[in-house]
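Raw contents of model-v7.cif, mmCIF, C-alpha atoms:
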```
data_final
loop_
_atom_site.group_PDB
_atom_site.id
_atom_site.type_symbol
_atom_site.label_atom_id
_atom_site.label_comp_id
_atom_site.auth_asym_id
_atom_site.auth_seq_id
_atom_site.Cartn_x
_atom_site.Cartn_y
_atom_site.Cartn_z
ATOM 1 C CA MET A 146 95.792 133.500 83.189
ATOM 2 C CA THR A 147 96.054 131.030 80.300
ATOM 3 C CA GLU A 148 99.050 129.553 78.514
ATOM 4 C CA GLN A 149 99.837 130.419 74.876
ATOM 5 C CA ASP A 150 101.193 128.037 72.228
ATOM 6 C CA GLU A 151 104.102 128.746 69.815
ATOM 7 C CA ASP A 152 101.930 130.975 67.562
ATOM 8 C CA GLY A 153 100.796 133.127 70.473
ATOM 9 C CA GLU A 154 97.316 131.544 70.557
ATOM 10 C CA GLU A 155 95.795 130.781 73.947
ATOM 11 C CA THR A 156 95.626 127.070 74.750
ATOM 12 C CA GLY A 157 92.889 127.472 77.335
ATOM 13 C CA GLU A 158 95.012 125.833 80.050
ATOM 14 C CA ASP A 159 94.887 127.687 83.339
ATOM 15 C CA VAL A 160 98.530 128.077 84.407
ATOM 16 C CA THR A 161 97.678 129.664 87.742
ATOM 17 C CA ARG A 162 96.389 126.328 89.060
ATOM 18 C CA ASP A 163 98.858 124.142 90.885
ATOM 19 C CA TYR A 164 98.678 120.621 89.465
ATOM 20 C CA SER A 165 101.513 119.282 91.614
ATOM 21 C CA TRP A 166 100.857 116.344 93.892
ATOM 22 C CA ASN A 167 99.888 116.896 97.482
ATOM 23 C CA TYR A 168 101.872 114.133 99.190
ATOM 24 C CA ALA A 169 99.877 114.380 102.410
ATOM 25 C CA ASP A 170 96.620 113.718 100.530
ATOM 26 C CA ILE A 171 98.163 110.789 98.679
ATOM 27 C CA LEU A 172 99.673 109.307 101.827
ATOM 28 C CA TRP A 173 96.542 109.613 103.917
ATOM 29 C CA ASP A 174 94.030 108.650 101.243
ATOM 30 C CA GLY A 175 92.133 105.391 101.536
ATOM 31 C CA ILE A 176 92.171 102.335 103.745
ATOM 32 C CA GLN A 177 95.937 102.183 104.253
ATOM 33 C CA ALA A 178 95.891 105.494 106.129
ATOM 34 C CA GLU A 179 93.438 104.074 108.660
ATOM 35 C CA LYS A 180 95.637 101.002 109.174
ATOM 36 C CA VAL A 181 98.706 103.214 109.680
ATOM 37 C CA ARG A 182 96.806 105.391 112.155
ATOM 38 C CA LYS A 183 95.614 102.389 114.187
ATOM 39 C CA ALA A 184 99.081 100.824 114.270
ATOM 40 C CA PHE A 185 100.673 104.165 115.201
ATOM 41 C CA GLU A 186 98.278 104.577 118.149
ATOM 42 C CA LYS A 187 99.592 101.299 119.613
ATOM 43 C CA LEU A 188 103.143 102.687 119.860
ATOM 44 C CA ASN A 189 104.341 104.320 123.061
ATOM 45 C CA TYR A 190 104.856 108.096 123.260
ATOM 46 C CA ARG A 191 108.630 107.902 122.686
ATOM 47 C CA GLU A 192 108.236 105.707 119.585
ATOM 48 C CA GLN A 193 105.545 108.013 118.189
ATOM 49 C CA THR A 194 107.661 111.112 118.756
ATOM 50 C CA LEU A 195 110.790 109.583 117.208
ATOM 51 C CA LEU A 196 108.911 108.520 114.088
ATOM 52 C CA GLU A 197 107.001 111.778 113.627
ATOM 53 C CA LYS A 198 110.040 113.988 114.146
ATOM 54 C CA ARG A 199 112.478 111.946 112.051
ATOM 55 C CA LEU A 200 109.992 111.338 109.201
ATOM 56 C CA ALA A 201 108.717 114.948 109.288
ATOM 57 C CA ILE A 202 105.078 113.873 109.264
ATOM 58 C CA CYS A 203 102.127 114.268 111.604
ATOM 59 C CA MET A 204 100.651 110.790 111.953
ATOM 60 C CA THR A 205 97.363 112.230 113.220
ATOM 61 C CA CYS A 206 96.543 114.566 110.323
ATOM 62 C CA GLY A 207 98.993 113.455 107.645
ATOM 63 C CA ARG A 208 100.697 116.854 107.281
ATOM 64 C CA VAL A 209 104.155 116.439 105.792
ATOM 65 C CA GLY A 210 106.878 118.830 106.920
ATOM 66 C CA SER A 211 110.081 119.821 105.186
ATOM 67 C CA TRP A 212 112.435 116.850 104.905
ATOM 68 C CA LYS A 213 115.511 119.069 105.174
ATOM 69 C CA ASN A 214 114.300 120.581 108.466
ATOM 70 C CA ARG A 215 113.770 117.242 110.216
ATOM 71 C CA PRO A 216 115.893 116.757 113.336
ATOM 72 C CA THR A 217 119.188 114.887 113.209
ATOM 73 C CA PHE A 218 119.789 111.934 115.500
ATOM 74 C CA GLU A 219 121.909 114.259 117.668
ATOM 75 C CA GLU A 220 118.931 116.616 118.039
ATOM 76 C CA LEU A 221 116.614 113.703 118.797
ATOM 77 C CA ALA A 222 119.070 112.554 121.473
ATOM 78 C CA VAL A 223 118.871 115.983 123.129
ATOM 79 C CA MET A 224 115.049 115.809 123.058
ATOM 80 C CA PHE A 225 115.202 112.585 125.040
ATOM 81 C CA GLU A 226 117.785 113.930 127.519
ATOM 82 C CA GLY A 227 120.984 112.004 127.774
ATOM 83 C CA SER A 228 120.740 109.557 124.921
ATOM 84 C CA SER A 229 123.570 109.566 122.363
ATOM 85 C CA ALA A 230 123.078 110.063 118.616
ATOM 86 C CA SER A 231 123.682 106.354 118.024
ATOM 87 C CA GLY A 232 121.239 105.551 120.837
ATOM 88 C CA ALA A 233 118.602 107.797 119.244
ATOM 89 C CA GLU A 234 119.182 106.113 115.877
ATOM 90 C CA ARG A 235 118.797 102.645 117.422
ATOM 91 C CA ALA A 236 115.611 103.766 119.191
ATOM 92 C CA TYR A 237 114.255 105.196 115.919
ATOM 93 C CA ARG A 238 114.991 101.957 114.025
ATOM 94 C CA LYS A 239 113.380 99.913 116.791
ATOM 95 C CA ALA A 240 110.276 102.146 116.651
ATOM 96 C CA ALA A 241 110.103 101.781 112.855
ATOM 97 C CA GLU A 242 110.384 98.000 113.198
ATOM 98 C CA HIS A 243 107.652 97.957 115.856
ATOM 99 C CA LEU A 244 105.353 99.985 113.572
ATOM 100 C CA THR A 245 106.160 97.639 110.672
ATOM 101 C CA LEU A 246 105.263 94.587 112.750
ATOM 102 C CA LEU A 247 101.971 96.185 113.799
ATOM 103 C CA LEU A 248 101.170 96.976 110.149
ATOM 104 C CA VAL A 249 101.965 93.386 109.137
ATOM 105 C CA GLU A 250 99.707 92.186 111.931
ATOM 106 C CA ASN A 251 96.759 94.281 110.725
ATOM 107 C CA GLY A 252 97.287 93.444 107.044
ATOM 108 C CA GLY A 253 98.525 96.889 106.004
ATOM 109 C CA ILE A 254 101.794 95.650 104.506
ATOM 110 C CA HIS A 255 104.010 92.596 104.213
ATOM 111 C CA ALA A 256 107.525 92.335 105.597
ATOM 112 C CA VAL A 257 110.512 90.036 105.373
ATOM 113 C CA ARG A 258 113.188 89.440 108.003
ATOM 114 C CA LEU A 259 116.629 88.491 106.685
ATOM 115 C CA LYS A 260 119.657 86.946 108.393
ATOM 116 C CA GLN A 261 122.951 86.176 106.728
ATOM 117 C CA LYS A 262 123.790 82.567 107.598
ATOM 118 C CA SER A 263 127.149 82.291 105.821
ATOM 119 C CA LYS A 264 129.286 83.991 103.176
ATOM 120 C CA THR A 265 132.427 83.492 101.114
ATOM 121 C CA LYS A 266 134.619 86.326 99.877
ATOM 122 C CA ARG A 267 136.841 86.731 96.832
ATOM 123 C CA LYS A 268 139.025 89.798 96.412
ATOM 124 C CA LYS A 269 137.431 91.544 99.425
ATOM 125 C CA LYS A 270 133.901 91.192 97.967
ATOM 126 C CA ILE A 271 131.187 88.770 98.970
ATOM 127 C CA ALA A 272 131.072 86.140 96.226
ATOM 128 C CA THR A 273 128.375 83.869 97.634
ATOM 129 C CA ALA A 274 126.121 83.962 100.663
ATOM 130 C CA VAL A 275 123.298 82.035 102.245
ATOM 131 C CA TYR A 276 120.459 84.067 103.720
ATOM 132 C CA GLU A 277 117.573 82.903 105.842
ATOM 133 C CA TYR A 278 114.292 84.752 105.409
ATOM 134 C CA GLN A 279 111.034 84.857 107.320
ATOM 135 C CA ALA A 280 107.778 85.792 105.555
ATOM 136 C CA ASP A 281 105.685 88.374 107.421
ATOM 137 C CA CYS A 282 108.105 87.995 110.353
ATOM 138 C CA ASP A 283 106.467 84.775 111.510
ATOM 139 C CA GLY A 284 106.838 81.014 111.130
ATOM 140 C CA GLU A 285 109.722 78.833 109.971
ATOM 141 C CA TRP A 286 112.626 80.455 108.144
ATOM 142 C CA GLY A 287 113.369 79.745 104.491
ATOM 143 C CA GLU A 288 116.786 79.794 102.859
ATOM 144 C CA ILE A 289 118.184 81.358 99.680
ATOM 145 C CA LEU A 290 121.632 80.836 98.153
ATOM 146 C CA PHE A 291 123.164 83.869 96.406
ATOM 147 C CA ASP A 292 125.920 83.962 93.826
ATOM 148 C CA PHE A 293 126.739 87.675 93.735
ATOM 149 C CA GLU A 294 129.444 87.250 91.100
ATOM 150 C CA ASN A 295 126.847 85.972 88.617
ATOM 151 C CA GLY A 296 123.948 88.012 90.025
ATOM 152 C CA THR A 297 121.732 85.040 90.867
ATOM 153 C CA GLY A 298 119.733 83.787 93.805
ATOM 154 C CA SER A 299 118.184 80.333 94.165
ATOM 155 C CA ILE A 300 115.623 79.190 96.693
ATOM 156 C CA VAL A 301 116.876 76.325 98.852
ATOM 157 C CA ARG A 302 113.834 76.162 101.170
ATOM 158 C CA LEU A 303 110.626 78.225 101.234
ATOM 159 C CA ALA A 304 109.679 80.034 104.435
ATOM 160 C CA ASP A 305 106.327 79.404 106.083
ATOM 161 C CA TRP A 306 103.619 81.628 104.562
ATOM 162 C CA ASP A 307 105.504 82.021 101.263
ATOM 163 C CA THR A 308 103.445 80.954 98.285
ATOM 164 C CA MET A 309 104.320 77.619 96.689
ATOM 165 C CA ILE A 310 103.784 78.766 93.097
ATOM 166 C CA SER A 311 104.746 82.449 92.938
ATOM 167 C CA ASN A 312 107.301 82.508 95.818
ATOM 168 C CA VAL A 313 106.449 86.171 96.384
ATOM 169 C CA PHE A 314 108.546 86.651 99.531
ATOM 170 C CA ALA A 315 111.583 84.761 98.230
ATOM 171 C CA LYS A 316 111.518 86.715 94.961
ATOM 172 C CA ARG A 317 111.370 89.998 96.901
ATOM 173 C CA VAL A 318 114.389 88.908 98.947
ATOM 174 C CA ILE A 319 116.338 87.974 95.819
ATOM 175 C CA ARG A 320 115.540 91.296 94.137
ATOM 176 C CA TYR A 321 116.356 93.246 97.291
ATOM 177 C CA LEU A 322 119.743 91.640 97.938
ATOM 178 C CA LEU A 323 120.868 91.577 94.306
ATOM 179 C CA ASN A 324 120.216 95.334 94.174
ATOM 180 C CA CYS A 325 122.314 96.035 97.300
ATOM 181 C CA GLU A 326 125.874 97.228 96.872
ATOM 182 C CA ASN A 327 128.189 94.338 97.669
ATOM 183 C CA ASP A 328 129.934 96.162 100.512
ATOM 184 C CA ARG A 329 126.559 97.075 102.046
ATOM 185 C CA LEU A 330 124.965 93.638 102.122
ATOM 186 C CA PRO A 331 123.168 93.394 105.474
ATOM 187 C CA LYS A 332 123.921 90.782 108.115
ATOM 188 C CA GLU A 333 120.394 91.220 109.453
ATOM 189 C CA THR A 334 117.570 93.427 108.278
ATOM 190 C CA MET A 335 113.860 93.711 107.738
ATOM 191 C CA PHE A 336 112.106 95.354 104.817
ATOM 192 C CA ALA A 337 108.436 95.957 104.077
ATOM 193 C CA PHE A 338 106.405 96.033 100.880
ATOM 194 C CA GLU A 339 102.845 96.080 99.597
ATOM 195 C CA MET A 340 101.658 93.022 97.712
ATOM 196 C CA TYR A 341 101.025 93.744 94.021
ATOM 197 C CA GLU A 342 101.777 90.298 92.613
#
```

Here is the file; what I need is its structure written in the form of structure tokens.
Amino acid sequence: MTEQDEDGEETGEDVTRDYSWNYADILWDGIQAEKVRKAFEKLNYREQTLLEKRLAICMTCGRVGSWKNRPTFEELAVMFEGSSASGAERAYRKAAEHLTLLLVENGGIHAVRLKQKSKTKRKKKIATAVYEYQADCDGEWGEILFDFENGTGSIVRLADWDTMISNVFAKRVIRYLLNCENDRLPKETMFAFEMYE
């Protein structure tokens, strides 16, 4: 079957073909997939199960399931007999962090740990804050001062492994925190990214 243009003429484009993206192929294509697989194999059975079920993906073959059919934390708690929903969520987050650290270790991704050192509030909103950050979750912590009222962040001290010229990790932290909603600014967190800069 071919598509027709406004005048009723055939365009020659086959409309029966599905040109949509296959997310499993994209996710599991290339070197990164091998790094993810190797890191995943180092997790224990419980961590593997939590990640696969909650993310609706088979880490062995790359098959992606329906996101809306993934189990809730309550359902995951039942799977692990006796854990609460909040306990299952904590276990899931710990498993995701463990996988992230393994991927950082094997060069698959980069990650930053953040800790809020201090903050000042005005009218129930955080006006300024000082955050410590750790590049690739290792080495000495750096420090960044944020002025959320003016939407700025300035580097006080670079973390070990951050680059002297481009400050890649510090700039990621600044972008990340300035894009957070003020009432959802984390006290502690870790986020991962691939290096494009």

**OP:** Figure out the distance between CA of Ile202 in chain A and CA of Ala178 in chain A, please, to one decimal in Å.
**Re:** 12.8 Å

**OP:** Considering all atoms listed in the file, return as a count of residues only whatever protein or nucleic-acid residues lie within 9 Å of Lys270 in chain A, sequence-local ones (same chain, fewer than 5 positions apart) excluded.
**Re:** 3

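Here CA of Ala256 in chain A is placed at a distance of 6.8 Å from CA of Met335 in chain A.
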
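If only C-alpha atoms are the atoms counted, then among A:Tyr190, A:Trp212, A:Phe218, A:Tyr276 the closest residue to Glu333 in chain A is A:Tyr276.
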
Subject >> One-decimal distance in Å that lies between CA of Glu339 in chain A and CA of Leu247 in chain A >> reply: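 Value for the CA of Leu247 in chain A-CA of Glu339 in chain A distance: 14.2 Å.
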
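When you apply the PyMOL selection byres ((chain A and resi 305) around 12) to this structure, what comes back is Val257, Glu277, Tyr278, Gln279, Ala280, Asp281, Cys282, Asp283, Gly284, Glu285, Trp286, Gly287, Glu288, Arg302, Leu303, Ala304, Trp306, Asp307, Thr308, Met309, Asn312, Val313, Phe314 and Ala315 of chain A.
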
Filtering to C-alpha atoms, could you give me those residues as a PDB file, in the frame of the given file?
```pdb
ATOM      1  CA  VAL A 257     110.512  90.036 105.373  1.00  0.00           C
ATOM      2  CA  GLU A 277     117.573  82.903 105.842  1.00  0.00           C
ATOM      3  CA  TYR A 278     114.292  84.752 105.409  1.00  0.00           C
ATOM      4  CA  GLN A 279     111.034  84.857 107.320  1.00  0.00           C
ATOM      5  CA  ALA A 280     107.778  85.792 105.555  1.00  0.00           C
ATOM      6  CA  ASP A 281     105.685  88.374 107.421  1.00  0.00           C
ATOM      7  CA  CYS A 282     108.105  87.995 110.353  1.00  0.00           C
ATOM      8  CA  ASP A 283     106.467  84.775 111.510  1.00  0.00           C
ATOM      9  CA  GLY A 284     106.838  81.014 111.130  1.00  0.00           C
ATOM     10  CA  GLU A 285     109.722  78.833 109.971  1.00  0.00           C
ATOM     11  CA  TRP A 286     112.626  80.455 108.144  1.00  0.00           C
ATOM     12  CA  GLY A 287     113.369  79.745 104.491  1.00  0.00           C
ATOM     13  CA  GLU A 288     116.786  79.794 102.859  1.00  0.00           C
ATOM     14  CA  ARG A 302     113.834  76.162 101.170  1.00  0.00           C
ATOM     15  CA  LEU A 303     110.626  78.225 101.234  1.00  0.00           C
ATOM     16  CA  ALA A 304     109.679  80.034 104.435  1.00  0.00           C
ATOM     17  CA  TRP A 306     103.619  81.628 104.562  1.00  0.00           C
ATOM     18  CA  ASP A 307     105.504  82.021 101.263  1.00  0.00           C
ATOM     19  CA  THR A 308     103.445  80.954  98.285  1.00  0.00           C
ATOM     20  CA  MET A 309     104.320  77.619  96.689  1.00  0.00           C
ATOM     21  CA  ASN A 312     107.301  82.508  95.818  1.00  0.00           C
ATOM     22  CA  VAL A 313     106.449  86.171  96.384  1.00  0.00           C
ATOM     23  CA  PHE A 314     108.546  86.651  99.531  1.00  0.00           C
ATOM     24  CA  ALA A 315     111.583  84.761  98.230  1.00  0.00           C
TER      25      ALA A 315
END
```

**OP:** Name the residues that the PyMOL selection byres ((chain A and resi 224-238) around 12) pulls out of this structure, and write them as a PyMOL selection string.
**Re:** chain A and resi 189-200+216-223+239-245+334-336

Subject >> Selected residue of minimal separation from Lys262 in chain A among A:Lys332, A:Leu248, A:Val209, A:Ile319, counting only C-alpha atoms >> reply: A:Lys332

Original post:
Do you know which residues are at most 7 Å from range 293-301 of chain A counting all atoms listed in the file, after dropping those on the same chain fewer than 3 positions away, and could you put them as a ChimeraX atom specification?
Top reply: /A:271-273,288-290,319,323

**OP:** Measuring atom to atom with all atoms listed in the file, identify which of A:Lys187, A:Lys264, A:Arg258, A:Lys213 is nearest to Phe338 in chain A.
**Re:** A:Arg258

Subject >> Nearest residue to Leu330 in chain A from the set A:Lys260, A:Ser311, A:Asn251, A:Arg267 (distances using only C-alpha atoms) >> reply: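 The closest residue to Leu330 in chain A is A:Lys260.
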
**OP:** Excluding Asn214 in chain A and residues on its chain fewer than 3 positions from it, collect all residues at most 8 Å away from it, counting all atoms listed in the file, and give them as a PyMOL selection string.
**Re:** chain A and resi 201+210-211
